[in-house]
file upload-v4.txt (compact mmCIF, C-alpha atoms)
# COMPACT_ATOMS: atom_id res chain seq x y z
CA MET A 22 9.66 -4.00 7.66
CA LYS A 23 11.25 -6.43 5.22
CA SER A 24 9.51 -9.69 4.41
CA PRO A 25 10.89 -12.89 5.97
CA PRO A 26 12.56 -15.35 3.58
CA PHE A 27 10.36 -17.54 1.40
CA GLU A 28 10.60 -19.46 -1.83
CA TYR A 29 8.71 -18.26 -4.87
CA ALA A 30 6.89 -20.08 -7.64
CA ARG A 31 5.16 -18.33 -10.51
CA ALA A 32 2.30 -20.57 -11.59
CA ALA A 33 1.58 -20.57 -15.32
CA SER A 34 -1.84 -22.17 -14.94
CA ILE A 35 -4.45 -22.85 -12.30
CA GLU A 36 -3.53 -26.55 -12.57
CA GLU A 37 0.08 -25.73 -11.72
CA ALA A 38 -1.00 -23.52 -8.81
CA CYS A 39 -3.15 -26.35 -7.43
CA GLU A 40 -0.33 -28.85 -7.90
CA LEU A 41 2.01 -26.58 -5.90
CA LEU A 42 -0.66 -26.11 -3.22
CA SER A 43 -1.13 -29.87 -2.93
CA GLN A 44 2.64 -30.26 -2.44
CA HIS A 45 3.14 -27.47 0.09
CA GLY A 46 -0.27 -27.17 1.79
CA ASP A 47 -0.20 -24.97 4.88
CA ALA A 48 3.38 -23.89 4.23
CA ALA A 49 2.33 -22.04 1.09
CA LYS A 50 0.31 -18.87 0.51
CA VAL A 51 -1.18 -17.82 -2.79
CA ILE A 52 -0.19 -14.27 -3.73
CA ALA A 53 -2.50 -12.32 -6.03
CA GLY A 54 -2.31 -8.51 -5.92
CA GLY A 55 -0.39 -8.65 -2.65
CA GLN A 56 -1.84 -5.36 -1.41
CA SER A 57 -2.71 -6.91 1.96
CA LEU A 58 -0.46 -9.97 1.95
CA VAL A 59 2.83 -8.11 1.40
CA PRO A 60 2.28 -5.76 4.38
CA MET A 61 1.38 -8.80 6.51
CA LEU A 62 4.69 -10.38 5.53
CA ALA A 63 6.54 -7.14 6.15
CA PHE A 64 4.98 -6.94 9.62
CA ARG A 65 5.97 -10.61 10.10
CA LEU A 66 2.37 -11.54 10.83
CA LEU A 67 2.82 -14.41 8.36
CA ARG A 68 5.83 -16.54 7.53
CA PRO A 69 4.91 -18.79 4.61
CA SER A 70 7.69 -21.02 3.28
CA TRP A 71 6.36 -20.59 -0.26
CA LEU A 72 4.54 -17.89 -2.16
CA ILE A 73 2.65 -19.18 -5.18
CA ASP A 74 2.14 -16.29 -7.58
CA ILE A 75 -1.07 -16.46 -9.63
CA ASN A 76 -0.65 -13.02 -11.26
CA GLU A 77 0.48 -14.41 -14.61
CA ILE A 78 -2.40 -16.89 -14.99
CA VAL A 79 -4.38 -15.38 -17.88
CA ALA A 80 -7.32 -17.75 -17.30
CA LEU A 81 -7.92 -16.15 -13.88
CA LYS A 82 -8.44 -12.69 -15.41
CA PHE A 83 -11.77 -12.34 -17.18
CA VAL A 84 -15.24 -10.87 -16.79
CA ALA A 85 -18.14 -12.76 -18.39
CA LEU A 86 -21.62 -11.24 -18.43
CA ASP A 87 -24.15 -14.07 -18.23
CA THR A 88 -27.89 -13.52 -17.94
CA ASP A 89 -28.24 -14.32 -14.25
CA ALA A 90 -24.72 -13.68 -13.02
CA VAL A 91 -21.49 -11.91 -13.76
CA ARG A 92 -18.66 -14.40 -13.61
CA MET A 93 -15.12 -13.22 -13.07
CA GLY A 94 -11.71 -14.78 -12.60
CA ALA A 95 -10.29 -14.48 -9.11
CA CYS A 96 -7.23 -12.53 -10.29
CA THR A 97 -9.23 -9.85 -12.11
CA ARG A 98 -7.83 -6.48 -11.03
CA GLN A 99 -10.01 -4.12 -9.03
CA CYS A 100 -9.32 -1.29 -11.51
CA VAL A 101 -10.61 -3.42 -14.41
CA VAL A 102 -13.87 -4.12 -12.60
CA ALA A 103 -14.30 -0.48 -11.54
CA ARG A 104 -13.91 0.73 -15.15
CA ASP A 105 -16.34 -1.78 -16.72
CA ASP A 106 -19.58 0.06 -17.61
CA ALA A 107 -21.43 -3.05 -18.77
CA LEU A 108 -20.59 -4.79 -15.49
CA ALA A 109 -21.59 -1.72 -13.47
CA ALA A 110 -25.00 -1.79 -15.18
CA ARG A 111 -25.54 -5.38 -13.99
CA VAL A 112 -23.90 -5.41 -10.56
CA PRO A 113 -23.69 -1.71 -9.65
CA LEU A 114 -22.60 -2.42 -6.06
CA LEU A 115 -19.17 -3.52 -7.26
CA ARG A 116 -18.24 -0.12 -8.68
CA GLN A 117 -19.92 1.64 -5.76
CA ALA A 118 -17.90 -0.41 -3.26
CA LEU A 119 -14.61 -0.20 -5.17
CA ALA A 120 -14.70 3.60 -4.90
CA TYR A 121 -13.91 3.03 -1.21
CA VAL A 122 -11.24 0.35 -1.75
CA GLY A 123 -7.74 1.80 -1.34
CA HIS A 124 -6.41 4.14 -4.00
CA THR A 125 -5.61 4.17 -7.71
CA GLN A 126 -2.22 2.54 -7.16
CA THR A 127 -3.58 -0.26 -4.98
CA ARG A 128 -6.63 -0.89 -7.22
CA ASN A 129 -4.30 -1.24 -10.21
CA ARG A 130 -2.69 -4.22 -8.53
CA GLY A 131 -5.28 -5.48 -6.06
CA THR A 132 -7.61 -8.24 -7.20
CA ILE A 133 -11.26 -9.06 -6.56
CA GLY A 134 -10.48 -12.58 -5.38
CA GLY A 135 -7.65 -11.38 -3.15
CA SER A 136 -9.97 -9.04 -1.25
CA LEU A 137 -12.46 -11.85 -0.70
CA VAL A 138 -9.91 -14.43 0.44
CA HIS A 139 -8.24 -11.89 2.74
CA ALA A 140 -11.66 -11.62 4.44
CA ASP A 141 -11.09 -8.46 6.43
CA PRO A 142 -14.35 -8.03 8.37
CA SER A 143 -14.48 -4.32 7.50
CA ALA A 144 -13.56 -4.73 3.82
CA GLU A 145 -15.93 -3.62 1.10
CA LEU A 146 -15.98 -6.49 -1.42
CA PRO A 147 -16.71 -9.21 1.17
CA LEU A 148 -19.73 -7.16 2.27
CA VAL A 149 -21.01 -6.96 -1.31
CA ALA A 150 -20.43 -10.71 -1.75
CA GLN A 151 -22.34 -11.41 1.46
CA ILE A 152 -25.43 -9.32 0.71
CA LEU A 153 -25.69 -10.41 -2.94
CA GLY A 154 -25.04 -14.08 -2.12
CA ALA A 155 -22.05 -14.39 -4.43
CA GLN A 156 -20.88 -17.92 -5.28
CA LEU A 157 -17.18 -18.67 -4.92
CA VAL A 158 -15.62 -21.44 -6.97
CA LEU A 159 -12.67 -23.09 -5.24
CA ARG A 160 -10.23 -25.25 -7.15
CA ALA A 161 -7.97 -27.97 -5.75
CA LYS A 162 -5.95 -30.62 -7.51
CA SER A 163 -8.76 -33.08 -6.72
CA GLY A 164 -11.53 -30.94 -8.22
CA THR A 165 -13.69 -27.88 -7.67
CA ARG A 166 -16.43 -26.96 -5.23
CA THR A 167 -18.61 -23.89 -4.92
CA LEU A 168 -19.38 -22.08 -1.68
CA PRO A 169 -21.95 -19.33 -1.20
CA ALA A 170 -20.50 -16.23 0.48
CA SER A 171 -22.40 -17.11 3.67
CA ALA A 172 -20.38 -20.35 3.97
CA PHE A 173 -17.14 -18.83 2.65
CA PHE A 174 -16.42 -16.29 5.40
CA ALA A 175 -15.54 -17.94 8.71
CA GLY A 176 -14.29 -15.09 10.89
CA PRO A 177 -11.91 -12.14 10.89
CA MET A 178 -9.33 -12.84 8.14
CA MET A 179 -10.61 -16.42 8.05
CA THR A 180 -12.37 -18.34 5.31
CA ASN A 181 -13.38 -21.94 4.73
CA VAL A 182 -10.89 -22.26 1.86
CA HIS A 183 -8.80 -25.38 2.43
CA ALA A 184 -5.01 -25.16 2.42
CA ASP A 185 -4.82 -26.93 -0.96
CA GLU A 186 -7.49 -24.77 -2.62
CA CYS A 187 -7.28 -21.62 -4.71
CA LEU A 188 -10.22 -19.31 -5.40
CA GLU A 189 -10.82 -19.61 -9.14
CA GLU A 190 -14.02 -17.74 -9.99
CA ILE A 191 -16.60 -15.48 -8.38
CA HIS A 192 -20.21 -15.43 -9.58
CA TRP A 193 -22.10 -12.24 -8.73
CA PRO A 194 -25.88 -12.60 -9.03
CA VAL A 195 -27.56 -10.16 -11.43
CA TRP A 196 -31.02 -9.00 -10.40
CA ARG A 197 -33.36 -9.21 -13.37
CA GLU A 198 -35.89 -6.77 -11.89
CA HIS A 199 -35.89 -3.67 -14.07
CA LYS A 200 -36.32 -1.20 -11.23
CA THR A 201 -33.34 -2.11 -9.07
CA GLY A 202 -31.23 0.33 -7.08
CA SER A 203 -28.23 -0.08 -4.82
CA ALA A 204 -26.07 1.95 -2.47
CA PHE A 205 -22.82 1.55 -0.58
CA THR A 206 -21.43 3.84 2.09
CA GLU A 207 -18.87 3.75 4.85
CA ILE A 208 -17.14 5.93 7.41
CA SER A 209 -13.35 5.78 7.72
CA ARG A 210 -10.86 8.21 9.19
CA ARG A 211 -9.36 8.97 5.78
CA HIS A 212 -10.48 7.90 2.33
CA GLY A 213 -9.05 4.47 1.55
CA ASP A 214 -8.56 3.52 5.20
CA PHE A 215 -10.29 0.55 6.77
CA ALA A 216 -13.96 1.30 7.38
CA ILE A 217 -15.01 1.90 10.97
CA ALA A 218 -18.39 0.73 9.70
CA ALA A 219 -19.78 0.12 6.21
CA ALA A 220 -23.25 -0.61 4.87
CA ALA A 221 -24.64 -1.74 1.53
CA ALA A 222 -28.12 -2.36 0.18
CA GLN A 223 -29.85 -3.43 -3.01
CA ILE A 224 -33.59 -3.02 -3.52
CA ALA A 225 -36.01 -3.79 -6.36
CA VAL A 226 -39.39 -2.04 -6.53
CA ASN A 227 -42.55 -2.41 -8.61
CA ASP A 228 -44.23 0.43 -10.48
CA ASP A 229 -46.24 1.34 -7.37
CA GLY A 230 -43.08 1.82 -5.36
CA HIS A 231 -43.46 -1.28 -3.21
CA CYS A 232 -40.28 -3.20 -2.48
CA THR A 233 -40.28 -6.56 -4.22
CA ARG A 234 -36.79 -7.68 -3.18
CA VAL A 235 -34.43 -6.30 -0.54
CA THR A 236 -30.98 -7.19 0.70
CA PHE A 237 -28.68 -5.22 2.96
CA GLY A 238 -25.77 -5.74 5.31
CA VAL A 239 -23.05 -4.26 7.49
CA GLY A 240 -19.27 -4.48 7.44
CA GLY A 241 -17.05 -3.84 10.44
CA GLY A 242 -19.74 -4.77 12.94
CA ALA A 243 -19.10 -8.49 13.42
CA PRO A 244 -16.33 -11.07 12.82
CA THR A 245 -17.50 -11.30 9.18
CA PRO A 246 -19.56 -9.01 6.98
CA ILE A 247 -23.14 -9.73 7.85
CA ALA A 248 -26.41 -9.71 5.88
CA PHE A 249 -29.88 -9.48 7.42
CA PRO A 250 -32.19 -11.60 5.26
CA GLU A 251 -35.14 -11.70 7.71
CA LEU A 252 -35.11 -7.95 8.30
CA ALA A 253 -34.75 -7.39 4.56
CA GLN A 254 -37.74 -9.67 3.92
CA SER A 255 -39.83 -7.60 6.35
CA LEU A 256 -39.53 -4.65 3.97
CA VAL A 257 -40.87 -6.57 0.97
CA GLY A 258 -44.33 -5.34 -0.02
CA GLN A 259 -43.76 -2.00 1.69
CA ARG A 260 -42.89 1.46 0.49
CA MET A 261 -39.67 2.66 2.07
CA ASP A 262 -39.65 5.80 4.16
CA GLN A 263 -37.26 7.15 6.72
CA ALA A 264 -39.15 5.70 9.69
CA LYS A 265 -39.17 2.18 8.23
CA ALA A 266 -35.52 2.39 7.21
CA ARG A 267 -34.60 3.62 10.67
CA ALA A 268 -36.59 0.92 12.46
CA VAL A 269 -34.99 -1.87 10.43
CA ALA A 270 -31.55 -0.32 10.76
CA HIS A 271 -31.99 -0.09 14.52
CA GLU A 272 -32.82 -3.80 14.74
CA ALA A 273 -29.85 -4.68 12.54
CA ALA A 274 -27.48 -2.58 14.64
CA ALA A 275 -28.75 -4.24 17.81
CA ALA A 276 -27.81 -7.65 16.39
CA LEU A 277 -24.17 -6.67 15.72
CA GLU A 278 -21.18 -7.67 17.84
CA PRO A 279 -18.77 -4.83 17.15
CA ASP A 280 -15.34 -4.55 18.76
CA SER A 281 -13.85 -1.56 20.52
CA ASP A 282 -10.45 -0.35 19.39
CA ILE A 283 -8.40 2.82 19.22
CA HIS A 284 -10.52 4.14 16.33
CA ALA A 285 -14.01 3.59 17.70
CA SER A 286 -15.84 2.09 20.67
CA ALA A 287 -18.28 -0.77 20.18
CA ALA A 288 -21.15 1.57 21.07
CA TYR A 289 -20.07 4.09 18.45
CA ARG A 290 -19.67 1.40 15.78
CA ARG A 291 -23.15 0.12 16.55
CA HIS A 292 -24.61 3.62 16.36
CA LEU A 293 -22.74 4.28 13.11
CA ALA A 294 -23.97 1.02 11.57
CA GLY A 295 -27.56 2.04 12.31
CA VAL A 296 -27.07 5.44 10.69
CA LEU A 297 -25.36 3.97 7.62
CA VAL A 298 -27.97 1.24 7.11
CA THR A 299 -30.72 3.89 7.30
CA ARG A 300 -28.90 5.82 4.58
CA VAL A 301 -28.25 2.95 2.18
CA LEU A 302 -31.81 1.64 2.46
CA GLN A 303 -33.18 5.05 1.53
CA GLN A 304 -30.58 5.62 -1.19
CA ALA A 305 -31.05 2.20 -2.78
CA TYR A 306 -34.82 2.64 -2.68
CA ALA A 307 -34.60 6.10 -4.27
CA ALA A 308 -32.27 4.75 -6.96
CA ALA A 309 -34.68 1.89 -7.72
CA ARG A 310 -37.63 4.27 -7.96
CA ALA A 311 -35.67 6.59 -10.25
CA VAL A 312 -35.18 3.85 -12.88
CA GLN A 313 -37.32 4.76 -15.89
CA MET B 29 20.49 -19.07 6.16
CA SER B 30 21.29 -18.71 2.52
CA GLU B 31 18.40 -17.85 0.26
CA TRP B 32 17.66 -19.03 -3.22
CA LEU B 33 18.34 -16.46 -5.95
CA TYR B 34 15.89 -16.05 -8.79
CA PRO B 35 16.89 -14.75 -12.22
CA ILE B 36 14.87 -11.75 -13.42
CA ALA B 37 14.83 -9.57 -16.54
CA ILE B 38 12.95 -6.30 -16.21
CA GLU B 39 12.75 -3.31 -18.54
CA VAL B 40 13.32 -0.17 -16.49
CA ASN B 41 12.94 3.22 -18.16
CA GLY B 42 13.44 1.64 -21.57
CA THR B 43 16.55 -0.40 -20.69
CA GLN B 44 16.59 -4.15 -20.05
CA HIS B 45 18.18 -5.21 -16.76
CA ALA B 46 19.00 -8.80 -15.91
CA SER B 47 19.76 -9.70 -12.33
CA HIS B 48 19.40 -12.28 -9.57
CA VAL B 49 17.35 -11.54 -6.47
CA THR B 50 16.03 -13.25 -3.38
CA ALA B 51 12.28 -13.78 -3.55
CA ARG B 52 11.66 -11.34 -0.71
CA THR B 53 13.51 -8.43 -2.34
CA SER B 54 10.87 -5.77 -2.91
CA LEU B 55 10.74 -4.05 -6.27
CA VAL B 56 11.69 -0.73 -4.66
CA ASP B 57 14.71 -2.25 -2.89
CA TRP B 58 15.86 -3.76 -6.18
CA LEU B 59 15.48 -0.45 -8.03
CA ARG B 60 17.38 1.46 -5.36
CA GLU B 61 20.04 -1.02 -4.30
CA HIS B 62 20.74 -3.01 -7.46
CA LEU B 63 20.13 -0.36 -10.14
CA HIS B 64 20.97 2.61 -7.89
CA LEU B 65 17.83 4.38 -9.11
CA THR B 66 17.35 6.18 -5.81
CA GLY B 67 14.74 8.59 -7.12
CA THR B 68 12.01 6.20 -5.99
CA HIS B 69 11.64 6.76 -2.25
CA ILE B 70 10.76 4.33 0.52
CA GLY B 71 8.35 5.92 2.96
CA CYS B 72 6.18 3.62 5.02
CA GLU B 73 7.13 0.36 3.30
CA HIS B 74 3.65 -1.09 3.77
CA GLY B 75 1.55 0.53 1.10
CA ILE B 76 0.17 3.59 2.85
CA CYS B 77 2.21 6.62 1.78
CA GLY B 78 2.66 6.28 -1.99
CA ALA B 79 6.26 7.60 -2.00
CA CYS B 80 7.46 4.44 -3.79
CA SER B 81 4.96 4.68 -6.69
CA VAL B 82 6.29 3.48 -10.06
CA MET B 83 4.54 2.55 -13.27
CA LEU B 84 4.16 -1.18 -13.97
CA ASP B 85 3.35 -1.63 -17.66
CA GLY B 86 2.22 2.00 -17.66
CA GLU B 87 -0.04 1.88 -14.60
CA PRO B 88 0.94 3.37 -11.23
CA VAL B 89 1.52 0.82 -8.45
CA ARG B 90 3.28 0.76 -5.11
CA SER B 91 6.75 -0.75 -5.54
CA CYS B 92 6.96 -1.67 -1.84
CA LEU B 93 3.96 -3.98 -2.29
CA MET B 94 5.44 -6.21 -4.93
CA TYR B 95 8.53 -8.32 -5.10
CA ALA B 96 11.11 -7.73 -7.81
CA VAL B 97 10.71 -11.35 -8.90
CA GLN B 98 7.06 -10.60 -9.68
CA ALA B 99 8.10 -7.86 -12.12
CA ASP B 100 10.14 -10.34 -14.19
CA GLY B 101 9.18 -9.83 -17.83
CA HIS B 102 7.40 -6.53 -17.16
CA ARG B 103 8.12 -2.87 -17.88
CA ILE B 104 8.80 -0.37 -15.09
CA THR B 105 8.95 3.42 -15.26
CA THR B 106 10.49 5.28 -12.34
CA VAL B 107 10.77 9.02 -11.73
CA GLU B 108 14.13 8.92 -13.54
CA GLY B 109 12.23 7.84 -16.64
CA LEU B 110 10.05 10.95 -16.69
CA GLN B 111 12.76 13.42 -17.72
CA ARG B 112 13.21 14.57 -21.32
CA PRO B 113 15.73 12.61 -23.40
CA ASP B 114 18.28 15.43 -22.94
CA GLY B 115 18.01 15.13 -19.16
CA SER B 116 16.03 18.32 -18.63
CA LEU B 117 12.83 18.42 -16.60
CA SER B 118 9.58 17.22 -18.12
CA VAL B 119 6.61 19.57 -18.44
CA LEU B 120 5.12 18.07 -15.29
CA GLN B 121 8.37 18.28 -13.31
CA ASP B 122 8.88 21.89 -14.39
CA SER B 123 5.31 22.68 -13.35
CA PHE B 124 6.04 21.34 -9.84
CA CYS B 125 8.96 23.85 -9.66
CA GLU B 126 6.78 26.64 -11.01
CA THR B 127 3.97 26.28 -8.45
CA HIS B 128 6.18 25.24 -5.50
CA GLY B 129 4.62 21.79 -5.65
CA LEU B 130 7.27 20.40 -3.32
CA GLN B 131 9.14 21.37 -0.20
CA CYS B 132 11.13 18.53 1.36
CA GLY B 133 10.74 16.47 -1.81
CA TYR B 134 10.22 13.12 -0.16
CA CYS B 135 6.77 12.46 -1.64
CA THR B 136 7.60 14.11 -4.97
CA PRO B 137 8.69 11.06 -7.01
CA GLY B 138 5.48 9.25 -6.10
CA MET B 139 3.40 12.36 -6.79
CA LEU B 140 5.06 12.76 -10.19
CA ILE B 141 4.40 9.12 -11.14
CA ALA B 142 0.76 9.32 -10.02
CA ALA B 143 0.27 12.63 -11.83
CA GLN B 144 2.02 11.53 -15.03
CA ALA B 145 -0.04 8.34 -15.13
CA LEU B 146 -3.18 10.48 -14.82
CA LEU B 147 -2.14 12.86 -17.61
CA ASN B 148 -1.20 9.94 -19.87
CA THR B 149 -4.78 8.67 -19.83
CA ASN B 150 -6.67 11.89 -19.06
CA PRO B 151 -4.89 14.94 -20.53
CA ARG B 152 -7.51 17.41 -19.28
CA PRO B 153 -8.40 16.29 -15.75
CA THR B 154 -10.78 18.17 -13.49
CA GLU B 155 -9.57 19.24 -10.07
CA ALA B 156 -11.55 16.37 -8.53
CA GLU B 157 -9.87 13.89 -10.88
CA ILE B 158 -6.45 15.29 -9.97
CA ARG B 159 -7.19 15.00 -6.25
CA ASN B 160 -8.46 11.46 -6.75
CA ALA B 161 -5.34 10.46 -8.71
CA ILE B 162 -3.00 11.61 -5.92
CA GLY B 163 -5.36 10.44 -3.16
CA GLY B 164 -3.01 7.56 -2.33
CA ASN B 165 0.06 9.78 -1.93
CA LEU B 166 0.81 11.49 1.37
CA CYS B 167 2.54 14.89 1.52
CA ARG B 168 3.30 16.49 4.89
CA CYS B 169 4.69 19.80 3.55
CA THR B 170 2.53 21.42 0.93
CA GLY B 171 -1.03 20.85 2.06
CA TYR B 172 -1.49 19.45 -1.47
CA GLN B 173 -2.83 22.67 -3.04
CA GLN B 174 0.39 23.53 -4.90
CA ILE B 175 0.67 19.94 -6.11
CA VAL B 176 -2.86 20.10 -7.52
CA ASP B 177 -1.92 23.46 -9.08
CA ALA B 178 1.22 21.92 -10.61
CA ILE B 179 -0.68 19.07 -12.24
CA ALA B 180 -3.34 21.44 -13.58
CA LEU B 181 -0.60 23.75 -14.93
CA ALA B 182 1.13 20.82 -16.63
CA ALA B 183 -2.16 19.78 -18.24
CA ARG B 184 -2.68 23.34 -19.54
CA ARG B 185 0.88 23.55 -20.87
CA MET B 186 0.57 20.22 -22.64
CA ALA B 187 -2.78 21.27 -24.13
CA GLU B 188 -0.96 24.31 -25.50
CA GLY B 189 1.58 22.03 -27.16
CA ALA B 190 4.40 21.77 -24.60
CA THR B 191 6.20 18.42 -24.73
call {"tool": "encode", "arguments": {"input": "upload-v4.txt", "output": "structure tokens"}}
result
Amino acid sequence: MKSPPFEYARAASIEEACELLSQHGDAAKVIAGGQSLVPMLAFRLLRPSWLIDINEIVALKFVALDTDAVRMGACTRQCVVARDDALAARVPLLRQALAYVGHTQTRNRGTIGGSLVHADPSAELPLVAQILGAQLVLRAKSGTRTLPASAFFAGPMMTNVHADECLEEIHWPVWREHKTGSAFTEISRRHGDFAIAAAAAQIAVNDDGHCTRVTFGVGGGAPTPIAFPELAQSLVGQRMDQAKARAVAHEAAAALEPDSDIHASAAYRRHLAGVLVTRVLQQAYAAARAVQ
Amino acid sequence: MSEWLYPIAIEVNGTQHASHVTARTSLVDWLREHLHLTGTHIGCEHGICGACSVMLDGEPVRSCLMYAVQADGHRITTVEGLQRPDGSLSVLQDSFCETHGLQCGYCTPGMLIAAQALLNTNPRPTEAEIRNAIGGNLCRCTGYQQIVDAIALAARRMAEGAT
């Protein structure tokens, strides 16, 4: 339960972190909050030769509220994001999801970027990134590139981040529609545990109560968090009710590829995903309608 | 294999400590084995139980989930730092005694850190806020109720002027 030996470098800037990554490549891991990485080292699931610490890079800790997106540095702490009222007014799913992420002590240290790069298929923030279509800015010594969430997540604990790249910024789209509502829910054995299944939705409505924009998705039901853009589109122009939510949720659940493990069978996970999607669609719709 | 040693300087409970550590030395191992501050307990050693909670720059974190080298230049408060200057129990610690907020005592240092951090920022917490603040700390003895009672009692005593 002790970490294997490694060498440590505290990067003072993103440029220095990228320089170290270009030198060490696959042999190095970036450490941000460490709330998942340190247990993986302690369990000897990973044996990096180098840990490159980005915790002291001030430029990676910021939240900027632009008109169409909230931009944040990859090393922004989860607790900072959860506390930010102005951010919660623009991207409410972040605060809603963070309520399920670990505990006070882990959110004080854990980072937004770390959760995304860790890419646990049942984790909350990757699901939010997937359904909102977050943009992830990756930095290497040679330059930067931006990936949408759909191209960022590659599988369980796998991303398309290259060995010499470091996540620098995350851009969360802000919906400009006035009447927008969102919801996040999950089932886990204890609060703060990994979700057996999770679901999230965001819906905009017009004054007549017809959906004008819908997105939703499921965590824990496939190798990556998964969004359902075609099914979401089928709800546009409609008023939500329980039957419609249930029908769409049923189709979504049928498309999942959940695993069986000691906590839940694949059949149970699929059933649960259907129930949770039904709930978040109705909750997000109700929240959108309640906007004055 | 010999490992590289890294110089660190960390303020612990108001005192500066300089030392050399291997990169993989966890903060809790450094506190216990180098400073002999054995009040901070190691439970699960992978971030589940909360027994090792300390304050990092005033905020509660798990000291098994960071390396001592990462705390270089930062300020740590352990359970030993909660006592009054004369060595007697703090209001919160005394409240744990009063309500039987501990039995075996293994989780208690982590509970005290989590609770003190709550009271530092929220002197009059609701029961739900108390339960949320200690939600990352496991206790297998008390069933939690007396711990919640202890934190609520400490908040009342402090509101009445106890220090």
call {"tool": "interface_residues", "arguments": {"input": "upload-v4.txt", "of": "chain B", "to": "chain A", "cutoff": "10 Å", "atoms": "only C-alpha atoms", "output": "ChimeraX atom specification"}}
result
/B:29-34,50-54,57,72-76,78,81-84,87-95,97-98,142,146,160-165
call {"tool": "atom_distance", "arguments": {"input": "upload-v4.txt", "atom1": "atom CA of B:Ile70", "atom2": "atom CA of A:Thr132"}}
result
23.6 Å
call {"tool": "closest_residue", "arguments": {"input": "upload-v4.txt", "among": "A:Ala219, A:His45, A:Val195, A:Cys187", "to": "A:Leu108", "atoms": "all atoms listed in the file"}}
result
A:Val195
call {"tool": "atom_distance", "arguments": {"input": "upload-v4.txt", "atom1": "atom CA of B:Leu63", "atom2": "atom CA of B:Ile104"}}
result
12.4 Å
call {"tool": "closest_residue", "arguments": {"input": "upload-v4.txt", "among": "A:Val257, A:Val102, A:Leu86, A:Ala38", "to": "A:Val226", "atoms": "all atoms listed in the file"}}
result
A:Val257
call {"tool": "atom_distance", "arguments": {"input": "upload-v4.txt", "atom1": "atom CA of B:Leu120", "atom2": "atom CA of A:Val122"}}
result
27.7 Å
call {"tool": "residues_around", "arguments": {"input": "upload-v4.txt", "residues": "B:Gly129", "least_positions_apart": "2", "cutoff": "7 Å", "atoms": "only C-alpha atoms", "output": "PyMOL selection string"}}
result
chain B and resi 124-125+127+170+174-175+178
call {"tool": "write_last_selection", "arguments": {"input": "upload-v4.txt", "atoms": "C-alpha atoms", "output": "CSV table (one decimal), in the coordinates of the input"}}
result
chain,number,residue,atom,x,y,z
B,124,PHE,CA,6.0,21.3,-9.8
B,125,CYS,CA,9.0,23.8,-9.7
B,127,THR,CA,4.0,26.3,-8.4
B,170,THR,CA,2.5,21.4,0.9
B,174,GLN,CA,0.4,23.5,-4.9
B,175,ILE,CA,0.7,19.9,-6.1
B,178,ALA,CA,1.2,21.9,-10.6
call {"tool": "residues_around", "arguments": {"input": "upload-v4.txt", "residues": "A:Gln313", "least_positions_apart": "6", "cutoff": "10 Å", "atoms": "only C-alpha atoms", "output": "list in words"}}
result
His199, Lys200 and Asp228 of chain A
call {"tool": "residues_near_point", "arguments": {"input": "upload-v4.txt", "point": "(-19.6, 2.1, 4.6)", "cutoff": "7 Å", "atoms": "all atoms listed in the file", "output": "ChimeraX atom specification"}}
result
/A:205-208,216,218-220,297
call {"tool": "write_last_selection", "arguments": {"input": "upload-v4.txt", "atoms": "C-alpha atoms", "output": "short mmCIF file (atom, residue, chain, number, x, y, z; two decimals), in the frame of the given file"}}
result
data_model
loop_
_atom_site.label_atom_id
_atom_site.label_comp_id
_atom_site.auth_asym_id
_atom_site.auth_seq_id
_atom_site.Cartn_x
_atom_site.Cartn_y
_atom_site.Cartn_z
CA PHE A 205 -22.82 1.55 -0.58
CA THR A 206 -21.43 3.84 2.09
CA GLU A 207 -18.87 3.75 4.85
CA ILE A 208 -17.14 5.93 7.41
CA ALA A 216 -13.96 1.30 7.38
CA ALA A 218 -18.39 0.73 9.70
CA ALA A 219 -19.78 0.12 6.21
CA ALA A 220 -23.25 -0.61 4.87
CA LEU A 297 -25.36 3.97 7.62
#
call {"tool": "axis_aligned_box", "arguments": {"input": "upload-v4.txt", "around": "stretch 222-238 of chain A", "padding_each_side": "5 Å", "output": "lines of an AutoDock Vina configuration file"}}
result
center_x = -36.0
center_y = -2.9
center_z = -2.6
size_x = 30.5
size_y = 19.5
size_z = 25.8
